[in-house]
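J.: Sharing entry-v2.cif below, mmCIF, N, CA and C atoms:
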```cif
data_work
#
loop_
_atom_site.label_atom_id
_atom_site.label_comp_id
_atom_site.auth_asym_id
_atom_site.auth_seq_id
_atom_site.Cartn_x
_atom_site.Cartn_y
_atom_site.Cartn_z
N MET K 17 8.53 -22.95 77.15
CA MET K 17 7.65 -24.10 77.06
C MET K 17 7.81 -24.96 78.30
N THR K 18 6.70 -25.31 78.93
CA THR K 18 6.70 -26.14 80.12
C THR K 18 6.78 -27.61 79.72
N HIS K 19 7.61 -28.33 80.44
CA HIS K 19 7.74 -29.76 80.21
C HIS K 19 7.21 -30.49 81.44
N ILE K 20 6.48 -31.55 81.22
CA ILE K 20 5.96 -32.35 82.31
C ILE K 20 7.01 -33.39 82.68
N VAL K 21 7.30 -33.48 83.98
CA VAL K 21 8.21 -34.49 84.50
C VAL K 21 7.35 -35.48 85.27
N ALA K 22 7.58 -36.78 85.03
CA ALA K 22 6.77 -37.82 85.67
C ALA K 22 7.67 -38.89 86.25
N ALA K 23 7.22 -39.46 87.37
CA ALA K 23 7.93 -40.55 88.02
C ALA K 23 6.92 -41.43 88.73
N SER K 24 7.24 -42.72 88.82
CA SER K 24 6.35 -43.61 89.54
C SER K 24 7.11 -44.79 90.12
N ALA K 25 6.49 -45.43 91.09
CA ALA K 25 7.01 -46.65 91.69
C ALA K 25 5.80 -47.49 92.09
N GLU K 26 6.00 -48.79 92.11
CA GLU K 26 4.90 -49.71 92.43
C GLU K 26 5.45 -50.87 93.24
N ARG K 27 4.63 -51.38 94.16
CA ARG K 27 5.06 -52.50 94.99
C ARG K 27 3.84 -53.22 95.53
N THR K 28 4.00 -54.51 95.76
CA THR K 28 2.98 -55.28 96.46
C THR K 28 3.20 -55.11 97.95
N ILE K 29 2.11 -54.80 98.66
CA ILE K 29 2.15 -54.58 100.10
C ILE K 29 1.46 -55.76 100.77
N ASP K 30 2.07 -56.27 101.83
CA ASP K 30 1.57 -57.48 102.49
C ASP K 30 0.43 -57.18 103.46
N ALA K 31 -0.68 -56.74 102.90
CA ALA K 31 -1.90 -56.47 103.67
C ALA K 31 -3.04 -56.32 102.68
N PRO K 32 -4.27 -56.56 103.13
CA PRO K 32 -5.42 -56.37 102.25
C PRO K 32 -5.54 -54.93 101.77
N ALA K 33 -6.08 -54.74 100.59
CA ALA K 33 -6.17 -53.41 99.96
C ALA K 33 -6.91 -52.40 100.84
N ASP K 34 -7.99 -52.81 101.51
CA ASP K 34 -8.72 -51.84 102.32
C ASP K 34 -7.89 -51.33 103.49
N LYS K 35 -7.08 -52.19 104.08
CA LYS K 35 -6.18 -51.77 105.17
C LYS K 35 -5.12 -50.81 104.64
N VAL K 36 -4.50 -51.17 103.52
CA VAL K 36 -3.44 -50.35 102.95
C VAL K 36 -3.98 -48.97 102.58
N TYR K 37 -5.15 -48.94 101.96
CA TYR K 37 -5.75 -47.66 101.61
C TYR K 37 -5.98 -46.83 102.86
N GLY K 38 -6.44 -47.46 103.92
CA GLY K 38 -6.66 -46.76 105.18
C GLY K 38 -5.38 -46.16 105.74
N TYR K 39 -4.27 -46.88 105.62
CA TYR K 39 -2.98 -46.36 106.09
C TYR K 39 -2.60 -45.11 105.31
N LEU K 40 -2.81 -45.12 104.00
CA LEU K 40 -2.46 -43.98 103.16
C LEU K 40 -3.43 -42.81 103.35
N ALA K 41 -4.70 -43.13 103.53
CA ALA K 41 -5.71 -42.08 103.67
C ALA K 41 -5.61 -41.35 105.01
N ASP K 42 -5.07 -42.03 106.02
CA ASP K 42 -4.83 -41.40 107.31
C ASP K 42 -3.56 -40.57 107.17
N THR K 43 -3.71 -39.29 106.87
CA THR K 43 -2.56 -38.47 106.50
C THR K 43 -1.51 -38.37 107.61
N GLN K 44 -1.94 -38.40 108.86
CA GLN K 44 -0.95 -38.35 109.95
C GLN K 44 -0.13 -39.65 109.95
N LEU K 45 -0.79 -40.77 109.78
CA LEU K 45 -0.09 -42.06 109.70
C LEU K 45 0.77 -42.12 108.45
N HIS K 46 0.24 -41.64 107.34
CA HIS K 46 0.98 -41.66 106.08
C HIS K 46 2.32 -40.94 106.22
N SER K 47 2.38 -39.91 107.03
CA SER K 47 3.63 -39.17 107.20
C SER K 47 4.75 -40.06 107.73
N ARG K 48 4.41 -41.13 108.44
CA ARG K 48 5.43 -42.06 108.96
C ARG K 48 6.14 -42.82 107.84
N PHE K 49 5.52 -42.93 106.69
CA PHE K 49 6.10 -43.70 105.59
C PHE K 49 7.01 -42.85 104.71
N LEU K 50 6.96 -41.53 104.88
CA LEU K 50 7.74 -40.64 104.02
C LEU K 50 9.22 -40.67 104.41
N PRO K 51 10.08 -41.05 103.48
CA PRO K 51 11.51 -41.06 103.78
C PRO K 51 12.11 -39.69 103.50
N PRO K 52 13.36 -39.48 103.95
CA PRO K 52 14.04 -38.30 103.44
C PRO K 52 14.04 -38.41 101.92
N PRO K 53 13.81 -37.37 101.24
CA PRO K 53 14.02 -35.96 101.52
C PRO K 53 12.80 -35.22 102.06
N PHE K 54 11.70 -35.91 102.44
CA PHE K 54 10.52 -35.24 102.99
C PHE K 54 10.75 -34.96 104.48
N TYR K 55 10.29 -33.80 104.94
CA TYR K 55 10.37 -33.50 106.37
C TYR K 55 9.41 -32.36 106.71
N ASP K 56 9.29 -32.07 108.02
CA ASP K 56 8.45 -30.99 108.53
C ASP K 56 7.01 -31.13 108.03
N PHE K 57 6.44 -32.28 108.28
CA PHE K 57 5.11 -32.66 107.80
C PHE K 57 4.04 -32.14 108.76
N HIS K 58 2.99 -31.49 108.21
CA HIS K 58 1.86 -31.00 109.00
C HIS K 58 0.56 -31.34 108.28
N VAL K 59 -0.46 -31.64 109.08
CA VAL K 59 -1.79 -31.94 108.53
C VAL K 59 -2.73 -30.82 108.93
N ASN K 60 -3.45 -30.27 107.96
CA ASN K 60 -4.48 -29.26 108.21
C ASN K 60 -5.82 -29.96 108.09
N GLU K 61 -6.54 -30.03 109.20
CA GLU K 61 -7.81 -30.75 109.19
C GLU K 61 -8.99 -29.80 109.09
N SER K 62 -10.07 -30.31 108.54
CA SER K 62 -11.28 -29.52 108.36
C SER K 62 -12.10 -29.44 109.64
N GLY K 63 -11.69 -30.19 110.65
CA GLY K 63 -12.47 -30.23 111.88
C GLY K 63 -13.41 -31.42 111.90
N MET K 64 -13.50 -32.14 110.80
CA MET K 64 -14.37 -33.30 110.72
C MET K 64 -13.55 -34.59 110.75
N GLY K 65 -12.26 -34.49 111.14
CA GLY K 65 -11.43 -35.67 111.25
C GLY K 65 -10.75 -36.09 109.96
N THR K 66 -11.00 -35.37 108.89
CA THR K 66 -10.36 -35.71 107.62
C THR K 66 -9.44 -34.58 107.21
N ALA K 67 -8.39 -34.93 106.53
CA ALA K 67 -7.43 -33.91 106.13
C ALA K 67 -7.89 -33.19 104.88
N ASP K 68 -7.80 -31.89 104.92
CA ASP K 68 -8.05 -31.08 103.73
C ASP K 68 -6.75 -30.91 102.95
N ALA K 69 -5.66 -30.78 103.70
CA ALA K 69 -4.38 -30.52 103.07
C ALA K 69 -3.25 -31.01 103.96
N VAL K 70 -2.13 -31.28 103.34
CA VAL K 70 -0.91 -31.59 104.07
C VAL K 70 0.16 -30.61 103.59
N ARG K 71 1.06 -30.30 104.50
CA ARG K 71 2.13 -29.37 104.19
C ARG K 71 3.42 -30.05 104.60
N TYR K 72 4.43 -29.96 103.76
CA TYR K 72 5.73 -30.53 104.10
C TYR K 72 6.81 -29.85 103.27
N LYS K 73 8.03 -30.14 103.66
CA LYS K 73 9.18 -29.64 102.90
C LYS K 73 9.86 -30.83 102.25
N ILE K 74 10.48 -30.56 101.12
CA ILE K 74 11.24 -31.59 100.43
C ILE K 74 12.57 -30.99 100.02
N ASP K 75 13.63 -31.68 100.40
CA ASP K 75 14.98 -31.28 100.04
C ASP K 75 15.37 -32.14 98.85
N PHE K 76 15.30 -31.53 97.67
CA PHE K 76 15.44 -32.32 96.45
C PHE K 76 16.19 -31.53 95.40
N ALA K 77 17.14 -32.16 94.79
CA ALA K 77 17.91 -31.56 93.70
C ALA K 77 18.59 -30.26 94.11
N GLY K 78 19.13 -30.27 95.34
CA GLY K 78 19.92 -29.12 95.77
C GLY K 78 19.13 -27.96 96.31
N GLY K 79 17.84 -28.08 96.47
CA GLY K 79 17.04 -26.99 97.00
C GLY K 79 15.91 -27.50 97.87
N VAL K 80 15.43 -26.66 98.76
CA VAL K 80 14.31 -27.01 99.63
C VAL K 80 13.06 -26.33 99.11
N ARG K 81 12.01 -27.09 99.01
CA ARG K 81 10.74 -26.53 98.54
C ARG K 81 9.66 -26.90 99.56
N GLU K 82 8.84 -25.93 99.93
CA GLU K 82 7.70 -26.20 100.80
C GLU K 82 6.47 -26.39 99.93
N LEU K 83 5.77 -27.46 100.18
CA LEU K 83 4.58 -27.78 99.38
C LEU K 83 3.35 -27.86 100.28
N ARG K 84 2.26 -27.37 99.77
CA ARG K 84 0.96 -27.51 100.44
C ARG K 84 0.09 -28.29 99.46
N MET K 85 -0.29 -29.48 99.87
CA MET K 85 -1.00 -30.39 98.99
C MET K 85 -2.46 -30.53 99.42
N GLN K 86 -3.35 -30.30 98.47
CA GLN K 86 -4.78 -30.53 98.67
C GLN K 86 -5.01 -32.03 98.49
N VAL K 87 -5.72 -32.65 99.44
CA VAL K 87 -5.95 -34.09 99.40
C VAL K 87 -7.38 -34.37 98.94
N THR K 88 -7.53 -35.20 97.92
CA THR K 88 -8.85 -35.59 97.43
C THR K 88 -8.90 -37.10 97.25
N GLU K 89 -10.11 -37.63 97.20
CA GLU K 89 -10.33 -39.06 96.97
C GLU K 89 -11.27 -39.24 95.79
N PRO K 90 -10.77 -39.20 94.57
CA PRO K 90 -11.65 -39.36 93.42
C PRO K 90 -12.31 -40.74 93.37
N GLU K 91 -11.64 -41.75 93.91
CA GLU K 91 -12.21 -43.10 94.02
C GLU K 91 -11.95 -43.60 95.43
N PRO K 92 -12.83 -43.27 96.38
CA PRO K 92 -12.61 -43.70 97.76
C PRO K 92 -12.36 -45.21 97.84
N GLY K 93 -11.36 -45.56 98.62
CA GLY K 93 -10.99 -46.96 98.76
C GLY K 93 -10.01 -47.44 97.71
N ARG K 94 -9.74 -46.59 96.71
CA ARG K 94 -8.83 -46.99 95.63
C ARG K 94 -7.81 -45.91 95.26
N THR K 95 -8.23 -44.64 95.19
CA THR K 95 -7.33 -43.60 94.69
C THR K 95 -7.35 -42.36 95.58
N LEU K 96 -6.16 -41.93 95.97
CA LEU K 96 -5.94 -40.66 96.68
C LEU K 96 -5.12 -39.76 95.78
N VAL K 97 -5.42 -38.48 95.77
CA VAL K 97 -4.65 -37.54 94.96
C VAL K 97 -4.23 -36.37 95.84
N HIS K 98 -2.93 -36.05 95.79
CA HIS K 98 -2.38 -34.89 96.48
C HIS K 98 -1.98 -33.89 95.39
N THR K 99 -2.58 -32.70 95.41
CA THR K 99 -2.33 -31.69 94.39
C THR K 99 -1.76 -30.44 95.03
N ASP K 100 -0.61 -29.99 94.54
CA ASP K 100 0.02 -28.79 95.07
C ASP K 100 -0.86 -27.58 94.79
N THR K 101 -1.10 -26.78 95.83
CA THR K 101 -1.91 -25.58 95.67
C THR K 101 -1.05 -24.40 95.22
N GLY K 102 0.26 -24.61 95.10
CA GLY K 102 1.16 -23.57 94.63
C GLY K 102 1.35 -23.64 93.12
N ASP K 103 2.53 -23.25 92.68
CA ASP K 103 2.77 -23.13 91.25
C ASP K 103 3.59 -24.25 90.63
N SER K 104 3.84 -25.33 91.36
CA SER K 104 4.68 -26.40 90.81
C SER K 104 3.95 -27.30 89.83
N GLY K 105 2.62 -27.33 89.93
CA GLY K 105 1.86 -28.25 89.09
C GLY K 105 1.97 -29.69 89.56
N LEU K 106 2.55 -29.91 90.74
CA LEU K 106 2.76 -31.27 91.25
C LEU K 106 1.44 -31.94 91.61
N VAL K 107 1.24 -33.13 91.05
CA VAL K 107 0.10 -33.97 91.38
C VAL K 107 0.65 -35.36 91.65
N THR K 108 0.38 -35.87 92.86
CA THR K 108 0.82 -37.22 93.22
C THR K 108 -0.42 -38.07 93.46
N THR K 109 -0.47 -39.20 92.75
CA THR K 109 -1.62 -40.10 92.82
C THR K 109 -1.19 -41.42 93.46
N PHE K 110 -1.94 -41.85 94.45
CA PHE K 110 -1.73 -43.13 95.12
C PHE K 110 -2.88 -44.04 94.71
N THR K 111 -2.55 -45.14 94.05
CA THR K 111 -3.58 -46.07 93.60
C THR K 111 -3.37 -47.41 94.30
N VAL K 112 -4.42 -47.91 94.94
CA VAL K 112 -4.35 -49.18 95.67
C VAL K 112 -5.28 -50.17 94.97
N THR K 113 -4.71 -51.30 94.56
CA THR K 113 -5.46 -52.33 93.83
C THR K 113 -5.36 -53.65 94.57
N PRO K 114 -6.50 -54.31 94.83
CA PRO K 114 -6.44 -55.63 95.47
C PRO K 114 -5.59 -56.59 94.64
N HIS K 115 -4.81 -57.39 95.34
CA HIS K 115 -3.94 -58.38 94.70
C HIS K 115 -3.98 -59.62 95.59
N GLY K 116 -5.09 -60.36 95.51
CA GLY K 116 -5.32 -61.48 96.42
C GLY K 116 -5.50 -60.96 97.83
N GLU K 117 -4.74 -61.51 98.78
CA GLU K 117 -4.78 -61.06 100.17
C GLU K 117 -3.85 -59.86 100.40
N GLN K 118 -3.25 -59.39 99.33
CA GLN K 118 -2.33 -58.27 99.41
C GLN K 118 -2.88 -57.10 98.58
N ALA K 119 -2.08 -56.05 98.51
CA ALA K 119 -2.47 -54.88 97.72
C ALA K 119 -1.30 -54.46 96.85
N ARG K 120 -1.62 -54.01 95.67
CA ARG K 120 -0.61 -53.42 94.78
C ARG K 120 -0.77 -51.92 94.89
N VAL K 121 0.30 -51.22 95.24
CA VAL K 121 0.24 -49.77 95.42
C VAL K 121 1.15 -49.11 94.38
N ASN K 122 0.60 -48.12 93.70
CA ASN K 122 1.35 -47.35 92.72
C ASN K 122 1.33 -45.89 93.17
N ILE K 123 2.52 -45.28 93.17
CA ILE K 123 2.64 -43.84 93.43
C ILE K 123 3.16 -43.22 92.14
N THR K 124 2.42 -42.25 91.63
CA THR K 124 2.83 -41.56 90.41
C THR K 124 2.76 -40.06 90.64
N SER K 125 3.82 -39.36 90.28
CA SER K 125 3.84 -37.90 90.37
C SER K 125 4.12 -37.30 89.01
N ARG K 126 3.50 -36.15 88.79
CA ARG K 126 3.74 -35.35 87.59
C ARG K 126 3.84 -33.90 88.04
N PHE K 127 4.78 -33.17 87.45
CA PHE K 127 4.90 -31.75 87.77
C PHE K 127 5.48 -31.00 86.59
N ASP K 128 5.31 -29.68 86.65
CA ASP K 128 5.83 -28.80 85.60
C ASP K 128 7.33 -28.64 85.79
N GLY K 129 8.09 -29.09 84.81
CA GLY K 129 9.53 -29.01 84.88
C GLY K 129 10.06 -27.66 84.42
N GLU K 130 11.33 -27.48 84.66
CA GLU K 130 12.02 -26.26 84.23
C GLU K 130 12.19 -26.29 82.71
N SER K 131 12.54 -25.15 82.16
CA SER K 131 12.84 -25.10 80.73
C SER K 131 14.35 -25.01 80.55
N GLY K 132 14.79 -25.06 79.32
CA GLY K 132 16.21 -24.91 79.00
C GLY K 132 17.06 -26.08 79.45
N VAL K 133 18.33 -25.81 79.68
CA VAL K 133 19.28 -26.84 80.07
C VAL K 133 18.90 -27.44 81.42
N ALA K 134 18.49 -26.58 82.37
CA ALA K 134 18.09 -27.07 83.69
C ALA K 134 16.93 -28.05 83.56
N GLY K 135 15.99 -27.75 82.69
CA GLY K 135 14.85 -28.63 82.46
C GLY K 135 15.26 -29.95 81.83
N PHE K 136 16.20 -29.90 80.92
CA PHE K 136 16.70 -31.12 80.29
C PHE K 136 17.32 -32.05 81.34
N VAL K 137 18.15 -31.48 82.19
CA VAL K 137 18.79 -32.27 83.25
C VAL K 137 17.73 -32.80 84.22
N GLU K 138 16.78 -31.95 84.58
CA GLU K 138 15.71 -32.33 85.50
C GLU K 138 14.91 -33.51 84.96
N ARG K 139 14.60 -33.49 83.67
CA ARG K 139 13.79 -34.58 83.08
C ARG K 139 14.54 -35.90 83.08
N ILE K 140 15.86 -35.85 83.16
CA ILE K 140 16.65 -37.08 83.21
C ILE K 140 16.83 -37.56 84.65
N ILE K 141 17.16 -36.63 85.55
CA ILE K 141 17.52 -37.01 86.92
C ILE K 141 16.32 -37.15 87.85
N ALA K 142 15.37 -36.23 87.82
CA ALA K 142 14.26 -36.22 88.77
C ALA K 142 13.45 -37.50 88.77
N PRO K 143 13.07 -38.07 87.61
CA PRO K 143 12.28 -39.30 87.66
C PRO K 143 13.01 -40.45 88.36
N ARG K 144 14.30 -40.58 88.14
CA ARG K 144 15.06 -41.66 88.80
C ARG K 144 15.13 -41.45 90.31
N ARG K 145 15.39 -40.21 90.70
CA ARG K 145 15.46 -39.91 92.14
C ARG K 145 14.11 -40.13 92.80
N LEU K 146 13.06 -39.62 92.18
CA LEU K 146 11.72 -39.80 92.77
C LEU K 146 11.34 -41.27 92.83
N GLN K 147 11.69 -42.04 91.82
CA GLN K 147 11.37 -43.47 91.83
C GLN K 147 12.05 -44.14 93.03
N ARG K 148 13.29 -43.77 93.32
CA ARG K 148 13.99 -44.34 94.49
C ARG K 148 13.31 -43.91 95.79
N VAL K 149 12.95 -42.64 95.88
CA VAL K 149 12.28 -42.14 97.08
C VAL K 149 10.95 -42.85 97.27
N TYR K 150 10.17 -42.98 96.21
CA TYR K 150 8.88 -43.66 96.32
C TYR K 150 9.06 -45.14 96.63
N GLY K 151 10.12 -45.74 96.13
CA GLY K 151 10.42 -47.13 96.48
C GLY K 151 10.65 -47.28 97.98
N LYS K 152 11.35 -46.32 98.58
CA LYS K 152 11.58 -46.34 100.03
C LYS K 152 10.27 -46.12 100.79
N GLU K 153 9.44 -45.22 100.27
CA GLU K 153 8.14 -44.99 100.91
C GLU K 153 7.30 -46.26 100.90
N LEU K 154 7.29 -46.94 99.78
CA LEU K 154 6.52 -48.18 99.68
C LEU K 154 7.10 -49.27 100.57
N ALA K 155 8.42 -49.32 100.71
CA ALA K 155 9.05 -50.30 101.61
C ALA K 155 8.65 -50.02 103.06
N ARG K 156 8.61 -48.75 103.43
CA ARG K 156 8.18 -48.38 104.78
C ARG K 156 6.71 -48.74 105.01
N LEU K 157 5.89 -48.50 104.01
CA LEU K 157 4.47 -48.86 104.08
C LEU K 157 4.33 -50.37 104.26
N ASP K 158 5.07 -51.14 103.50
CA ASP K 158 5.02 -52.60 103.60
C ASP K 158 5.49 -53.07 104.98
N ALA K 159 6.55 -52.48 105.50
CA ALA K 159 7.04 -52.85 106.83
C ALA K 159 5.98 -52.57 107.89
N TYR K 160 5.30 -51.43 107.79
CA TYR K 160 4.23 -51.09 108.73
C TYR K 160 3.08 -52.10 108.61
N ALA K 161 2.70 -52.42 107.38
CA ALA K 161 1.61 -53.36 107.18
C ALA K 161 1.95 -54.74 107.77
N ARG K 162 3.18 -55.17 107.62
CA ARG K 162 3.62 -56.45 108.18
C ARG K 162 3.58 -56.40 109.70
N GLU K 163 4.00 -55.28 110.30
CA GLU K 163 3.93 -55.12 111.76
C GLU K 163 2.49 -55.24 112.24
N GLN K 164 1.57 -54.62 111.52
CA GLN K 164 0.17 -54.65 111.92
C GLN K 164 -0.41 -56.06 111.83
N ARG K 165 0.02 -56.80 110.83
CA ARG K 165 -0.48 -58.18 110.68
C ARG K 165 0.07 -59.08 111.79
N ALA K 166 1.29 -58.79 112.25
CA ALA K 166 1.93 -59.60 113.28
C ALA K 166 1.35 -59.33 114.67
N SER K 167 0.80 -58.14 114.86
CA SER K 167 0.30 -57.79 116.21
C SER K 167 -1.14 -58.16 116.41
#
```
Would you kindly transcribe this structure into structure tokens?
T.:
Amino acid sequence: MTHIVAASAERTIDAPADKVYGYLADTQLHSRFLPPPFYDFHVNESGMGTADAVRYKIDFAGGVRELRMQVTEPEPGRTLVHTDTGDSGLVTTFTVTPHGEQARVNITSRFDGESGVAGFVERIIAPRRLQRVYGKELARLDAYAREQRAS
């Protein structure tokens, strides 16, 4: 039986929502916000200046996994979705909501967890670890947004 593992983090970013969404939608720029354990980030473009997919590695829970994520915008200006084209079932959603002159950003991931004892441990540990990683990503995004406002 497959178990769904979910994790999320949320933060107010010191920039208008349209700017913040633009930072996240620009996949090459977005790679600057990814903290370890993400690395070896590549963008596959369609030739029209927009990313079709991103590829990266993640060193997480004692193993390295390479992911190829299809990028979609179900709600342009508000929601970006990265969906693994492999077998992990990983879907990461970035939601940007106006919050006055700032933006509230939520990152939520869901994926197919392991079964058995490994799955039990994963359902306890993975959400906490991912929440910390996403918290760092949001802090980096906020720092970048503050730099842009200052310049």
J.: Mind checking which residues fall within 6.5 Å of segment 47-57 of chain K, counting all atoms listed in the file, ignoring those fewer than 2 positions away in the same chain, and posting them as a PyMOL selection string?
T.: chain K and resi 42-45+59+71-76+149+152-154+156-157
J.: Check chain K with DSSP on the backbone and list each residue it calls helix (DSSP H, G or I), as a PyMOL selection string.
T.: chain K and resi 33-41+43-49+132-166
J.: Could you give me, as a PyMOL selection string, the residues within 5 Å of segment 17-31 of chain K, counting all atoms listed in the file and dropping anything in the same chain fewer than 5 positions from it?
T.: chain K and resi 117-129+143+147+158
J.: Which residue is closest to Val36 of chain K? Choose from K:Leu83, K:Gln164, K:Leu146, K:Val112 and count all atoms listed in the file.
T.: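 Looking at the shortest contact to Val36 of chain K, the residue is K:Val112.
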J.: Decode the PyMOL selection byres ((chain K and resi 94) around 6.5) for the given file into explicit residues and return them as a short mmCIF file (atom, residue, chain, number, x, y, z; two decimals) with N, CA and C atoms, in the frame of the given file.
T.:
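Output file result-v1.cif is given in full below:
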```cif
data_model
loop_
_atom_site.label_atom_id
_atom_site.label_comp_id
_atom_site.auth_asym_id
_atom_site.auth_seq_id
_atom_site.Cartn_x
_atom_site.Cartn_y
_atom_site.Cartn_z
N TYR K 37 -5.15 -48.94 101.96
CA TYR K 37 -5.75 -47.66 101.61
C TYR K 37 -5.98 -46.83 102.86
N GLU K 91 -11.64 -41.75 93.91
CA GLU K 91 -12.21 -43.10 94.02
C GLU K 91 -11.95 -43.60 95.43
N PRO K 92 -12.83 -43.27 96.38
CA PRO K 92 -12.61 -43.70 97.76
C PRO K 92 -12.36 -45.21 97.84
N GLY K 93 -11.36 -45.56 98.62
CA GLY K 93 -10.99 -46.96 98.76
C GLY K 93 -10.01 -47.44 97.71
N THR K 95 -8.23 -44.64 95.19
CA THR K 95 -7.33 -43.60 94.69
C THR K 95 -7.35 -42.36 95.58
N LEU K 96 -6.16 -41.93 95.97
CA LEU K 96 -5.94 -40.66 96.68
C LEU K 96 -5.12 -39.76 95.78
N PHE K 110 -1.94 -41.85 94.45
CA PHE K 110 -1.73 -43.13 95.12
C PHE K 110 -2.88 -44.04 94.71
N THR K 111 -2.55 -45.14 94.05
CA THR K 111 -3.58 -46.07 93.60
C THR K 111 -3.37 -47.41 94.30
N VAL K 112 -4.42 -47.91 94.94
CA VAL K 112 -4.35 -49.18 95.67
C VAL K 112 -5.28 -50.17 94.97
N THR K 113 -4.71 -51.30 94.56
CA THR K 113 -5.46 -52.33 93.83
C THR K 113 -5.36 -53.65 94.57
#
```
J.: Please determine, counting only C-alpha atoms, which residue among K:Ser104, K:Thr99, K:Thr109, K:Ser167 has the shortest atom-to-atom distance to Arg81 of chain K.
T.: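 That would be K:Ser104, the residue with the smallest distance to Arg81 of chain K.
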J.: Find the distance between atom CA of Tyr39 of chain K and atom C of Thr88 of chain K and write it in Å to one decimal.
T.: 14.1 Å
J.: On this file, the PyMOL selection byres ((chain K and resi 87) around 6.5) gives some set of residues; write that set as a count of residues only.
T.: 11
J.: Rounded to one decimal place, report the atom C of Pro32 of chain K-atom CA of Ala166 of chain K distance in Å.
T.: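 Atom-to-atom, atom C of Pro32 of chain K and atom CA of Ala166 of chain K are spaced 14.5 Å apart.
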J.: Once 8 Å is added on each side, what are the centre and the three edge lengths, in Å to one decimal, of the axis-aligned box enclosing the listed atoms of segment 112-128 of chain K? Present them as AutoDock Vina command-line options.
T.:
```
--center_x 0.4 --center_y -45.1 --center_z 93.0 --size_x 29.8 --size_y 48.9 --size_z 30.8
```
J.: State, in Å with one decimal place, the distance from atom CA of Pro114 of chain K to atom CA of Gly38 of chain K.
T.: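 Between atom CA of Pro114 of chain K and atom CA of Gly38 of chain K the gap is 13.2 Å.
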